[in-house]
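Novice: Sharing a structure, written as structure tokens. Questions coming.
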Number of protein chains: 2
Amino acid sequence: MRGPEHFASGDRSIELEPIGFVRTDAKEIPRHWRVSDVEGTLVIDEKYLEGLKDIESGQRIVVIFNFHRSPEFSSRFLRQTPPHSGEEMGVFSICSPIRPNPIGMSILEVLEVEGATIRVKRLDMLEGTPILDIKPHIEDERDRPGLS
Amino acid sequence: MRGPEHFASGDRSIELEPIGFVRTDAKEIPRHWRVSDVEGTLVIDEKYLEGLKDIESGQRIVVIFNFHRSPEFSSRFLRQTPPHSGEEMGVFSICSPIRPNPIGMSILEVLEVEGATIRVKRLDMLEGTPILDIKPHIEDERDRPGLS
């Protein structure tokens with residue numbers, strides 16, 4: 001099943017460039033987007049302006065970003081104890097910023113779009129966080145009886 | 001607002017290594033995870049085994065992956081017309097695999113976990129797709145009146 005050739009080191013690395021950066025005045029460690037009310041701005045590179053044309057206030061968007069302040073991952077982070085939990089959990093079952101690939105995902109609420117800057121709410125990222133992608137927020141309809 | 005230093009090219013690139021790969025017999029272009037019933041396997045590198053310990057059958061997981069077969073992005077892909085739509089849309093409002101950073105995100109259903117391989121349903125990725133991260137699927141409770 002497992003093709004060992006796929007895990008040969010270094011030959012399948014993926015290089016990404018930020019499409020923009022987060023601007024926020026929030027100084028403290030942000031709370032998870034589920035409970036955050038922090039506002040801020042996604043400043044997207046103007047070369048992507050046309051790609052933003054269907055983003056509108058009131059929408060939810062999925063933002064993929066880089067945990068740019070995380071320490072390097074090592075095997076001692078395979079299990080971590082999340083805040084407000086006494087239980088050690090596997091890294092792939094928690095939202096910790098310390099992960100094998102330092103990628104985060106948040107669902108934010110669009111307040112306003114002006115040119116290539118998007119004012120958002122529910123922010124849980126630090127000032128200067130590199131943004132990698134924005135995707136539409138798609139509801140999982142099969143989870144909701146009566147809607148499928 | 002916008003710090004031009006952040007958009008200086010090349011100095012903020014992010015390099016990622018796959019944590020595993022997708023195995024599937026599906027040959028045709030997969031349908032979106034919302035409507036897919038395709039099964040397949042996420043073959044994760046065994047060095048991450050401990051990090052998978054809380055992934056269980058029946059769960060939904062968020063899988064972040066690389067669109068490894070996509071053509072290179074250029075400005076002509078800033079607007080695209082999705083299949084089954086007559087409307088040209090901005091790339092950040094659609095799920096197209098042709099994006100500035102070729103990152104995909106799917107919500108899959110766990111059927112079975114055996115060692116570092118995860119049998120899943122709802123697959124919408126191609127054979128050999130590099131997997132970058134697995135995250136817990138977190139419901140957006142504030143979307144559901146009565147649950148907040």
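Scheme for the structure tokens: letters A, B, ... for chains in order shown; per-chain residue numbers from 1; ligand numbers from 1 in order shown.
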Give me, as CSV, the closest atom pair and its distance (Å, one decimal) for every residue of chain A within a cut-off of 8 Å of chain B, counting only C-alpha atoms, rows sorted by chain and rising number.
Specialist:
```
residue,atom,partner,partner_atom,distance
A:Met1,CA,B:Arg23,CA,7.9
A:Arg2,CA,B:Val43,CA,6.5
A:His6,CA,B:Phe21,CA,7.6
A:Phe7,CA,B:Asp45,CA,7.1
A:Gly10,CA,B:Glu17,CA,7.4
A:Arg12,CA,B:Glu17,CA,6.6
A:Ser13,CA,B:Glu17,CA,4.7
A:Ile14,CA,B:Leu16,CA,5.1
A:Glu15,CA,B:Glu15,CA,4.5
A:Leu16,CA,B:Ile14,CA,5.1
A:Glu17,CA,B:Ser13,CA,4.7
A:Pro18,CA,B:Ser13,CA,6.9
A:Ile19,CA,B:Pro100,CA,7.5
A:Gly20,CA,B:Phe7,CA,7.6
A:Phe21,CA,B:His6,CA,7.7
A:Arg23,CA,B:Met1,CA,7.9
A:Arg34,CA,B:Asp140,CA,6.4
A:Val43,CA,B:Arg2,CA,6.5
A:Asp45,CA,B:Phe7,CA,7.1
A:Tyr48,CA,B:Leu78,CA,6.9
A:Glu50,CA,B:Leu78,CA,5.9
A:Gly51,CA,B:Gly90,CA,4.0
A:Leu52,CA,B:Gly90,CA,5.5
A:Lys53,CA,B:Gly90,CA,5.5
A:Asp54,CA,B:Gly90,CA,5.7
A:Ile55,CA,B:Ser93,CA,6.6
A:Ser75,CA,B:Tyr48,CA,7.8
A:Leu78,CA,B:Gly51,CA,4.6
A:Arg79,CA,B:Gly51,CA,5.9
A:Met89,CA,B:Asp54,CA,6.5
A:Gly90,CA,B:Gly51,CA,4.0
A:Val91,CA,B:Gly51,CA,4.9
A:Phe92,CA,B:Lys135,CA,5.2
A:Ser93,CA,B:Pro136,CA,4.9
A:Ile94,CA,B:Pro136,CA,6.1
A:Cys95,CA,B:Lys135,CA,6.7
A:Pro100,CA,B:Ile19,CA,7.5
A:Asn101,CA,B:Leu16,CA,6.0
A:Ile103,CA,B:Asp133,CA,7.5
A:Leu132,CA,B:Asn101,CA,6.5
A:Asp133,CA,B:Asn101,CA,6.5
A:Ile134,CA,B:Phe92,CA,5.2
A:Lys135,CA,B:Phe92,CA,5.2
A:Pro136,CA,B:Ser93,CA,4.9
A:Asp140,CA,B:Arg34,CA,6.4
A:Glu141,CA,B:Arg34,CA,7.4
A:Arg142,CA,B:Arg34,CA,7.6
```
Novice: Using only C-alpha atoms, determine which residues lie at most 7 Å from Glu112 (chain A), disregarding the query and same-chain residues fewer than 4 positions distant; provide the list as a PyMOL selection string.
Specialist: chain A and resi 56-57+118-119
Novice: Of the candidates B:Arg69, B:Arg31, B:His84, B:Arg60, which one gets nearest to Val120 (chain B) if we count only C-alpha atoms?
Specialist: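 Of all the options, B:Arg60 lies closest to Val120 (chain B).
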Novice: Need to verify the contact set: Leu123 (chain A), 9 Å, only C-alpha atoms, exclusion of same-chain residues closer than 5 positions in sequence. Can you return it as a PyMOL selection string?
Specialist: chain A and resi 24+30-33+36-41+106-109
Novice: Can you write out the residues you just picked, keeping all heavy atoms, as a compact mmCIF listing (two decimals), in the first residue's frame?
Specialist:
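Saved result, result.txt, follows:
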```
# COMPACT_ATOMS: atom_id res chain seq x y z
N THR A 24 -3.76 43.64 12.45
CA THR A 24 -4.66 43.73 13.60
C THR A 24 -3.95 44.47 14.72
O THR A 24 -2.72 44.41 14.84
CB THR A 24 -5.11 42.33 14.08
OG1 THR A 24 -5.81 42.46 15.32
CG2 THR A 24 -3.93 41.40 14.30
N PRO A 30 -4.59 35.55 20.46
CA PRO A 30 -6.00 35.56 20.05
C PRO A 30 -6.72 34.27 20.44
O PRO A 30 -6.11 33.21 20.53
CB PRO A 30 -5.90 35.69 18.53
CG PRO A 30 -4.55 35.17 18.16
CD PRO A 30 -3.66 35.40 19.34
N ARG A 31 -8.00 34.40 20.66
CA ARG A 31 -8.83 33.23 20.94
C ARG A 31 -9.26 32.59 19.64
O ARG A 31 -9.25 33.22 18.59
CB ARG A 31 -10.07 33.66 21.75
CG ARG A 31 -9.72 34.33 23.06
CD ARG A 31 -10.97 34.81 23.78
NE ARG A 31 -11.73 33.71 24.33
CZ ARG A 31 -13.04 33.77 24.58
NH1 ARG A 31 -13.73 34.86 24.29
NH2 ARG A 31 -13.67 32.74 25.09
N HIS A 32 -9.64 31.34 19.71
CA HIS A 32 -10.06 30.59 18.52
C HIS A 32 -11.21 31.31 17.82
O HIS A 32 -12.05 31.92 18.46
CB HIS A 32 -10.50 29.19 18.97
CG HIS A 32 -10.69 28.23 17.84
ND1 HIS A 32 -11.85 28.14 17.12
CD2 HIS A 32 -9.84 27.33 17.29
CE1 HIS A 32 -11.72 27.21 16.20
NE2 HIS A 32 -10.51 26.70 16.27
N TRP A 33 -11.25 31.21 16.48
CA TRP A 33 -12.26 31.94 15.70
C TRP A 33 -13.69 31.62 16.13
O TRP A 33 -14.59 32.45 15.97
CB TRP A 33 -12.09 31.67 14.20
CG TRP A 33 -12.15 30.23 13.78
CD1 TRP A 33 -11.08 29.40 13.59
CD2 TRP A 33 -13.31 29.43 13.51
NE1 TRP A 33 -11.50 28.14 13.22
CE2 TRP A 33 -12.86 28.13 13.16
CE3 TRP A 33 -14.69 29.67 13.53
CZ2 TRP A 33 -13.73 27.09 12.82
CZ3 TRP A 33 -15.55 28.64 13.20
CH2 TRP A 33 -15.08 27.36 12.86
N SER A 36 -13.85 34.10 19.02
CA SER A 36 -13.21 35.41 18.90
C SER A 36 -14.18 36.46 18.36
O SER A 36 -15.02 36.17 17.49
CB SER A 36 -12.02 35.32 17.93
OG SER A 36 -11.57 36.60 17.57
N ASP A 37 -14.07 37.68 18.88
CA ASP A 37 -14.80 38.81 18.30
C ASP A 37 -13.83 39.87 17.80
O ASP A 37 -14.23 41.00 17.51
CB ASP A 37 -15.78 39.41 19.31
CG ASP A 37 -17.07 38.60 19.36
OD1 ASP A 37 -17.60 38.26 18.29
OD2 ASP A 37 -17.55 38.32 20.48
N VAL A 38 -12.57 39.50 17.68
CA VAL A 38 -11.55 40.45 17.25
C VAL A 38 -11.75 40.83 15.79
O VAL A 38 -12.10 40.00 14.96
CB VAL A 38 -10.14 39.84 17.46
CG1 VAL A 38 -9.06 40.72 16.86
CG2 VAL A 38 -9.88 39.59 18.94
N GLU A 39 -11.58 42.12 15.50
CA GLU A 39 -11.63 42.58 14.12
C GLU A 39 -10.23 42.86 13.60
O GLU A 39 -9.31 43.13 14.37
CB GLU A 39 -12.50 43.84 14.02
CG GLU A 39 -13.93 43.58 14.43
CD GLU A 39 -14.84 44.79 14.21
OE1 GLU A 39 -14.41 45.76 13.55
OE2 GLU A 39 -15.99 44.74 14.68
N GLY A 40 -10.09 42.80 12.31
CA GLY A 40 -8.80 43.09 11.69
C GLY A 40 -8.96 43.12 10.19
O GLY A 40 -10.08 43.07 9.67
N THR A 41 -7.85 43.19 9.50
CA THR A 41 -7.89 43.36 8.05
C THR A 41 -6.98 42.33 7.39
O THR A 41 -5.87 42.07 7.86
CB THR A 41 -7.43 44.79 7.69
OG1 THR A 41 -8.22 45.72 8.43
CG2 THR A 41 -7.60 45.06 6.21
N SER A 106 -8.96 29.26 9.49
CA SER A 106 -10.00 29.88 10.30
C SER A 106 -11.18 30.26 9.41
O SER A 106 -11.00 30.53 8.23
CB SER A 106 -9.47 31.16 10.97
OG SER A 106 -8.42 30.86 11.85
N ILE A 107 -12.36 30.25 10.02
CA ILE A 107 -13.54 30.71 9.30
C ILE A 107 -13.88 32.09 9.84
O ILE A 107 -14.21 32.24 11.02
CB ILE A 107 -14.70 29.72 9.49
CG1 ILE A 107 -14.29 28.35 8.94
CG2 ILE A 107 -15.96 30.23 8.78
CD1 ILE A 107 -15.28 27.24 9.21
N LEU A 108 -13.72 33.09 8.99
CA LEU A 108 -13.89 34.48 9.42
C LEU A 108 -15.14 35.08 8.79
O LEU A 108 -15.67 34.56 7.80
CB LEU A 108 -12.66 35.31 9.03
CG LEU A 108 -11.32 34.77 9.56
CD1 LEU A 108 -10.20 35.72 9.16
CD2 LEU A 108 -11.35 34.59 11.06
N GLU A 109 -15.60 36.18 9.38
CA GLU A 109 -16.79 36.86 8.89
C GLU A 109 -16.35 38.15 8.19
O GLU A 109 -15.61 38.94 8.76
CB GLU A 109 -17.69 37.17 10.09
CG GLU A 109 -19.00 37.78 9.73
CD GLU A 109 -19.84 38.05 10.99
OE1 GLU A 109 -19.70 37.31 11.99
OE2 GLU A 109 -20.58 39.05 10.97
```
Novice: Could you go through region 18-95 of chain A and tell me which residues DSSP, when run on the backbone, assigns to strand (DSSP E or B), listing them as a PyMOL selection string?
Specialist: chain A and resi 20-23+39-44+60-66+79-80+89-90
